[in-house]
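Just below is one structure, and these are the notes that go with it.
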Amino acid sequence: MNLELFLAHRLYNTRNGERHISRPAVAIAQWGVTIGTIVMFLSICIIVGFKNQVRDKAVGFGGYIQVLNYERSSESSIPITADSILTTELLATDGVKHIQQYAQIPGIILANSEYEGIMLKGVDSDYDLSFFASNIVEGELPQFTSEGASNAIVISKTTANRLKLKCGDRVNIYFMQGGTRARKMTVSAIYETHLTEFDNVMALTDIYTTRKLNGWEKEEATGIEITADEYDNRYICSERIKSIIDDAAIRNHEGLYSATIDELYPGIFNWLGVLDQTVWIILILVICIAGFTMISGLFILILEKSNFIGIMKAVGARNLSIRKTFIYYAGMIVVKGMLIGNAIAIAMCVIQQLTGIIAIDPEMYYMDKVPIEFSWLLVPMNIAMFLISIAILVVPSMLISRIDPVKAIKFE
């Protein structure tokens, strides 16, 4: 057995009996590591959960990649020709999981003497509505098709609250393109995602209606949304489909381009990118605090064990061997503190996942409770925290080489 490890183990486990001044220092050091571990664990779980939930919401509204017309604007929508050649080639592209087209038109809802601007998005039976289905708070999603008008509309809870609407209510929607026109629709469902940029304006209906309102043909659409097999592959897929889009642009005499979801909504995703910097700042502060408590604890341990150090030197032990003994000793404190910290943090995360007990302001954070998501980053972060904590102790352990064995043996 490793002698230094054996001695460290004996020192760590023989703390009963006589009074030790190092006990408070060891306890403070251990709880410093425990609290640091809890903060690190929760920070990673919360920030990863927050980023993924906001990202998934943005993707739910617009896919990973969109094919659009260069001439589009917020006021008017210039269509692309989503013919069978284009859609077949896109779906056959390596890495592309699903494609879906949509047609949208801006309008104004008038109800209960109130009005609200919306972007009416038309979808068909091929459109993946699972995201909206998971966020429905009232009513049921209708079956949208491209073959006929459903006269149904799905609005956000924000819009419903402003206009005092509920499921089953009839509303008048006015469209200004090419002269004022009106459509009467029934509110079939109300959704809520807390992503205010979309909740404030987005409403769903069938693509047949929006095409008719825009005066478009059956194969024309505002854009095509593309889902890749993995979110991180969106840029690779975007590059792969460029030649397909260029061929379609030449074939149909249109100006087409593709853009990833983070390119379409840079404000949201740039904000999420700032969170990565926040994680590193938190981790640096945690390691500094844990390192400070461990250094102070090790100094007190060395001073208290001066007699032991003197005896070890007197029997021929080298300074390096004694230093390793105390670093092993400190390592045991770090390990115990990290194990307790991880156990407490896991329990807190599970409780939050199951109960959502800690609520937050959805207007500011795009969700109504603190998000938690376990990440593989926790493993390397725990390892890094342990190694850095031990590495920090190398310098203060050099104090051992300055201890005189004769004076140390007489020290009480």
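Chain identifiers are assigned as A, B, and so on, following the order in which chains appear in the structure tokens; residues are numbered from 1 within each chain, and ligands are numbered from 1 in order of appearance.
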**Report entry** Residue neighbourhood Lys57 in chain A, 12 Å, only C-alpha atoms, exclusion window fewer than 2 positions, as number ranges by chain
**Finding:** A: 50-55, 59-64, 130-132, 134-135, 192-199, 261, 268-269, 366-367
Mind dumping a table of every range 1-54 of chain A residue within 9 Å of range 338-350 of chain A, with the nearest atom pair and its distance in Å to one decimal, using only C-alpha atoms, sorted by chain and rising number, as a tab-separated table?
```
residue	atom	partner	partner_atom	distance
A:Gln30	CA	A:Met338	CA	8.3
A:Trp31	CA	A:Gly341	CA	8.5
A:Val33	CA	A:Met338	CA	6.2
A:Thr34	CA	A:Gly341	CA	4.3
A:Ile35	CA	A:Gly341	CA	6.3
A:Gly36	CA	A:Gly341	CA	7.7
A:Thr37	CA	A:Gly341	CA	5.1
A:Ile38	CA	A:Gly341	CA	5.0
A:Val39	CA	A:Ala345	CA	8.1
A:Phe41	CA	A:Ala345	CA	6.3
A:Leu42	CA	A:Ala345	CA	6.4
A:Cys45	CA	A:Cys349	CA	7.9
A:Ile46	CA	A:Cys349	CA	8.8
```
Might you pull out every residue within 12 Å of Val137 in chain A, with only C-alpha atoms counted and same-chain residues fewer than 3 positions away left off, and present them as a PDB file with N, CA and C atoms, in the first residue's frame?
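Output file part20.pdb is given in full below:
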```pdb
ATOM      1  N   PHE A 132     -46.500  22.872 -30.567  1.00  0.00           N
ATOM      2  CA  PHE A 132     -47.689  23.607 -30.158  1.00  0.00           C
ATOM      3  C   PHE A 132     -48.604  22.734 -29.299  1.00  0.00           C
ATOM      4  N   ALA A 133     -48.707  21.456 -29.649  1.00  0.00           N
ATOM      5  CA  ALA A 133     -49.554  20.546 -28.868  1.00  0.00           C
ATOM      6  C   ALA A 133     -49.091  20.464 -27.415  1.00  0.00           C
ATOM      7  N   SER A 134     -47.773  20.519 -27.198  1.00  0.00           N
ATOM      8  CA  SER A 134     -47.236  20.421 -25.835  1.00  0.00           C
ATOM      9  C   SER A 134     -47.412  21.717 -25.048  1.00  0.00           C
ATOM     10  N   GLU A 140     -58.250  22.277 -28.295  1.00  0.00           N
ATOM     11  CA  GLU A 140     -57.519  21.238 -29.012  1.00  0.00           C
ATOM     12  C   GLU A 140     -57.101  21.749 -30.382  1.00  0.00           C
ATOM     13  N   LEU A 141     -55.951  21.267 -30.833  1.00  0.00           N
ATOM     14  CA  LEU A 141     -55.484  21.656 -32.160  1.00  0.00           C
ATOM     15  C   LEU A 141     -56.396  21.060 -33.232  1.00  0.00           C
ATOM     16  N   VAL A 154     -55.648  29.224 -34.068  1.00  0.00           N
ATOM     17  CA  VAL A 154     -54.997  28.956 -32.778  1.00  0.00           C
ATOM     18  C   VAL A 154     -54.238  30.216 -32.398  1.00  0.00           C
ATOM     19  N   ILE A 155     -54.545  30.782 -31.248  1.00  0.00           N
ATOM     20  CA  ILE A 155     -53.908  32.020 -30.817  1.00  0.00           C
ATOM     21  C   ILE A 155     -53.155  31.791 -29.514  1.00  0.00           C
ATOM     22  N   SER A 156     -52.298  32.743 -29.161  1.00  0.00           N
ATOM     23  CA  SER A 156     -51.540  32.641 -27.918  1.00  0.00           C
ATOM     24  C   SER A 156     -52.379  33.128 -26.743  1.00  0.00           C
ATOM     25  N   LYS A 157     -51.982  32.736 -25.558  1.00  0.00           N
ATOM     26  CA  LYS A 157     -52.676  33.185 -24.351  1.00  0.00           C
ATOM     27  C   LYS A 157     -52.543  34.693 -24.186  1.00  0.00           C
ATOM     28  N   THR A 158     -51.405  35.241 -24.629  1.00  0.00           N
ATOM     29  CA  THR A 158     -51.199  36.695 -24.572  1.00  0.00           C
ATOM     30  C   THR A 158     -52.267  37.417 -25.378  1.00  0.00           C
ATOM     31  N   ALA A 160     -55.150  36.132 -26.406  1.00  0.00           N
ATOM     32  CA  ALA A 160     -56.465  35.823 -25.834  1.00  0.00           C
ATOM     33  C   ALA A 160     -56.771  36.719 -24.638  1.00  0.00           C
ATOM     34  N   LYS A 166     -61.807  33.289 -25.497  1.00  0.00           N
ATOM     35  CA  LYS A 166     -61.667  31.911 -25.024  1.00  0.00           C
ATOM     36  C   LYS A 166     -62.015  30.985 -26.183  1.00  0.00           C
ATOM     37  N   CYS A 167     -61.748  29.708 -26.014  1.00  0.00           N
ATOM     38  CA  CYS A 167     -62.015  28.746 -27.086  1.00  0.00           C
ATOM     39  C   CYS A 167     -63.511  28.734 -27.434  1.00  0.00           C
ATOM     40  N   SER A 188     -60.033  27.832 -31.832  1.00  0.00           N
ATOM     41  CA  SER A 188     -60.126  26.406 -31.496  1.00  0.00           C
ATOM     42  C   SER A 188     -59.166  25.989 -30.388  1.00  0.00           C
ATOM     43  N   ALA A 189     -58.074  26.744 -30.198  1.00  0.00           N
ATOM     44  CA  ALA A 189     -57.101  26.398 -29.156  1.00  0.00           C
ATOM     45  C   ALA A 189     -56.291  27.638 -28.786  1.00  0.00           C
ATOM     46  N   ILE A 190     -55.765  27.609 -27.565  1.00  0.00           N
ATOM     47  CA  ILE A 190     -54.921  28.698 -27.062  1.00  0.00           C
ATOM     48  C   ILE A 190     -53.625  28.081 -26.542  1.00  0.00           C
ATOM     49  N   TYR A 191     -52.498  28.611 -26.991  1.00  0.00           N
ATOM     50  CA  TYR A 191     -51.200  28.085 -26.563  1.00  0.00           C
ATOM     51  C   TYR A 191     -50.456  29.133 -25.736  1.00  0.00           C
ATOM     52  N   GLU A 192     -49.443  28.676 -25.017  1.00  0.00           N
ATOM     53  CA  GLU A 192     -48.592  29.581 -24.244  1.00  0.00           C
ATOM     54  C   GLU A 192     -47.190  29.008 -24.173  1.00  0.00           C
ATOM     55  N   THR A 193     -46.207  29.715 -24.707  1.00  0.00           N
ATOM     56  CA  THR A 193     -44.811  29.267 -24.652  1.00  0.00           C
ATOM     57  C   THR A 193     -43.938  30.184 -23.806  1.00  0.00           C
ATOM     58  N   HIS A 194     -44.438  31.369 -23.458  1.00  0.00           N
ATOM     59  CA  HIS A 194     -43.694  32.389 -22.723  1.00  0.00           C
ATOM     60  C   HIS A 194     -42.577  33.019 -23.543  1.00  0.00           C
TER      61      HIS A 194
END
```
Query raised in the report: What are the DSSP strand (DSSP E or B) residues of range 170-281 of chain A, as number ranges by chain?
Result: A: 170-175, 181-191, 202-206, 220-221, 223-228, 256-260
Query - Shell of 8 Å around range 116-127 of chain A, only C-alpha atoms, local chain residues under 5 positions omitted, as a ChimeraX atom specification - result: /A:100-110,143-146,159,162-163,200-211
Query - Of the listed residues A:Val334, A:Leu272, A:Leu399, A:Ala359, that which approaches Ile309 in chain A most closely, counting only C-alpha atoms - result: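 Closest residue, counting only C-alpha atoms: A:Leu399.
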Query raised in the report: Tell me, which residues of range 214-371 of chain A carry DSSP helix (DSSP H, G or I), written as a ChimeraX atom specification?
Result: /A:214,231-240,242-252,261-264,266-304,306-314,319-355,362-365
Those selected residues, please, written with C-alpha atoms and delivered as a short mmCIF file (atom, residue, chain, number, x, y, z; two decimals), in the first residue's frame.
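What follows is the written file out.cif:
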```cif
data_model
loop_
_atom_site.label_atom_id
_atom_site.label_comp_id
_atom_site.auth_asym_id
_atom_site.auth_seq_id
_atom_site.Cartn_x
_atom_site.Cartn_y
_atom_site.Cartn_z
CA ASN A 214 -52.10 36.09 -50.42
CA TYR A 231 -29.34 20.65 -33.74
CA ASP A 232 -25.55 21.00 -33.97
CA ASN A 233 -25.69 19.81 -37.61
CA ARG A 234 -27.79 22.78 -38.76
CA TYR A 235 -24.84 24.63 -40.33
CA ILE A 236 -23.65 21.51 -42.15
CA CYS A 237 -27.15 20.90 -43.51
CA SER A 238 -27.45 24.54 -44.51
CA GLU A 239 -24.26 24.21 -46.58
CA ARG A 240 -25.42 20.94 -48.14
CA LYS A 242 -27.20 25.50 -50.97
CA SER A 243 -26.70 23.89 -54.39
CA ILE A 244 -30.28 22.55 -54.29
CA ILE A 245 -31.61 26.02 -53.48
CA ASP A 246 -29.49 27.62 -56.21
CA ASP A 247 -30.86 25.17 -58.78
CA ALA A 248 -34.43 25.88 -57.63
CA ALA A 249 -33.81 29.63 -57.80
CA ILE A 250 -32.63 29.36 -61.41
CA ARG A 251 -35.43 26.97 -62.33
CA ASN A 252 -38.20 29.15 -60.89
CA ILE A 261 -32.72 29.73 -36.76
CA ASP A 262 -29.98 31.62 -34.89
CA GLU A 263 -29.30 33.72 -37.98
CA LEU A 264 -32.99 34.58 -38.27
CA PRO A 266 -29.83 36.73 -33.55
CA GLY A 267 -31.12 38.67 -30.54
CA ILE A 268 -32.36 35.55 -28.76
CA PHE A 269 -29.37 33.37 -29.57
CA ASN A 270 -26.73 36.04 -28.89
CA TRP A 271 -28.31 36.47 -25.49
CA LEU A 272 -28.08 32.73 -24.89
CA GLY A 273 -24.41 32.84 -25.89
CA VAL A 274 -23.74 35.31 -23.07
CA LEU A 275 -24.85 32.62 -20.60
CA ASP A 276 -21.78 30.53 -21.50
CA GLN A 277 -19.58 33.34 -20.20
CA THR A 278 -21.68 33.50 -17.03
CA VAL A 279 -21.00 29.80 -16.37
CA TRP A 280 -17.25 30.32 -16.53
CA ILE A 281 -17.39 33.34 -14.23
CA ILE A 282 -19.40 31.35 -11.68
CA LEU A 283 -17.02 28.38 -11.89
CA ILE A 284 -13.95 30.58 -11.42
CA LEU A 285 -15.49 32.22 -8.34
CA VAL A 286 -16.50 28.82 -6.93
CA ILE A 287 -13.01 27.38 -7.38
CA CYS A 288 -11.44 30.48 -5.83
CA ILE A 289 -13.67 30.24 -2.75
CA ALA A 290 -13.16 26.48 -2.39
CA GLY A 291 -9.41 26.88 -2.93
CA PHE A 292 -9.13 29.63 -0.30
CA THR A 293 -10.91 27.55 2.34
CA MET A 294 -8.75 24.52 1.52
CA ILE A 295 -5.52 26.53 1.70
CA SER A 296 -6.42 28.00 5.09
CA GLY A 297 -7.45 24.55 6.31
CA LEU A 298 -4.19 22.98 5.13
CA PHE A 299 -2.10 25.67 6.87
CA ILE A 300 -3.88 24.95 10.15
CA LEU A 301 -3.46 21.18 9.66
CA ILE A 302 0.28 21.57 9.06
CA LEU A 303 0.73 23.79 12.11
CA GLU A 304 -1.25 21.42 14.33
CA SER A 306 4.09 19.98 13.41
CA ASN A 307 5.04 17.39 16.01
CA PHE A 308 4.09 14.59 13.61
CA ILE A 309 6.04 16.26 10.80
CA GLY A 310 9.11 16.59 13.05
CA ILE A 311 8.99 12.90 14.00
CA MET A 312 8.61 11.90 10.35
CA LYS A 313 11.64 13.98 9.39
CA ALA A 314 13.63 12.56 12.30
CA ASN A 319 9.86 16.58 2.56
CA LEU A 320 8.16 15.43 -0.68
CA SER A 321 6.79 12.32 1.03
CA ILE A 322 5.36 14.34 3.93
CA ARG A 323 3.90 16.90 1.52
CA LYS A 324 2.19 14.10 -0.40
CA THR A 325 0.74 12.79 2.87
CA PHE A 326 -0.91 16.14 3.62
CA ILE A 327 -2.10 16.59 0.04
CA TYR A 328 -3.71 13.14 0.21
CA TYR A 329 -5.26 14.21 3.53
CA ALA A 330 -6.64 17.38 1.94
CA GLY A 331 -7.79 15.34 -1.07
CA MET A 332 -9.95 13.20 1.24
CA ILE A 333 -11.57 16.35 2.57
CA VAL A 334 -12.20 17.57 -1.00
CA VAL A 335 -13.68 14.24 -2.08
CA LYS A 336 -16.03 14.06 0.91
CA GLY A 337 -17.11 17.66 0.37
CA MET A 338 -17.75 17.07 -3.33
CA LEU A 339 -19.72 13.86 -2.69
CA ILE A 340 -21.96 15.64 -0.18
CA GLY A 341 -22.32 18.61 -2.54
CA ASN A 342 -23.26 16.45 -5.52
CA ALA A 343 -25.80 14.49 -3.46
CA ILE A 344 -27.48 17.67 -2.18
CA ALA A 345 -27.45 19.28 -5.65
CA ILE A 346 -28.97 16.19 -7.32
CA ALA A 347 -31.73 16.10 -4.70
CA MET A 348 -32.48 19.81 -5.25
CA CYS A 349 -32.55 19.35 -9.04
CA VAL A 350 -34.90 16.37 -8.87
CA ILE A 351 -37.26 18.21 -6.52
CA GLN A 352 -37.35 21.21 -8.88
CA GLN A 353 -37.94 18.99 -11.91
CA LEU A 354 -40.83 17.17 -10.22
CA THR A 355 -42.51 20.10 -8.48
CA PRO A 362 -41.96 34.51 -17.55
CA GLU A 363 -41.90 38.05 -18.96
CA MET A 364 -38.17 38.23 -18.27
CA TYR A 365 -37.00 34.63 -18.56
#
```
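Residue neighbourhood of Ala182 in chain A, excluding near-sequence residues (fewer than 3 positions): Asn172, Ile173, Tyr174 and Phe175 of chain A, at 8 Å, using only C-alpha atoms.
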Report task. Tell me, in Å to one decimal, how far CA of Ser77 in chain A is from CA of Tyr257 in chain A. Result ->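 Atom-to-atom, CA of Ser77 in chain A and CA of Tyr257 in chain A are spaced 14.5 Å apart.
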Query raised in the report: Suppose you want the space between CA of Gly215 in chain A and CA of Pro79 in chain A; what is it in Å?
Result: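 Distance between the two atoms: 10.3 Å.
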Query raised in the report: At what distance in Å, to one decimal, does CA of Val26 in chain A lie from CA of Leu378 in chain A?
Result: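 Result for CA of Leu378 in chain A versus CA of Val26 in chain A: 25.4 Å, one decimal.
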Requested in this report: Return the single residue from A:Thr186, A:Thr222, A:Asn151, A:Asn2 that is closest to Ala82 in chain A, with distances computed using only C-alpha atoms.
Outcome: A:Thr222
Requested in this report: List the neighbours of Val48 in chain A out to 8 Å using only C-alpha atoms; skip same-chain residues closer than 5 positions along the sequence, and give me the result as a PyMOL selection string.
Outcome: chain A and resi 372-375
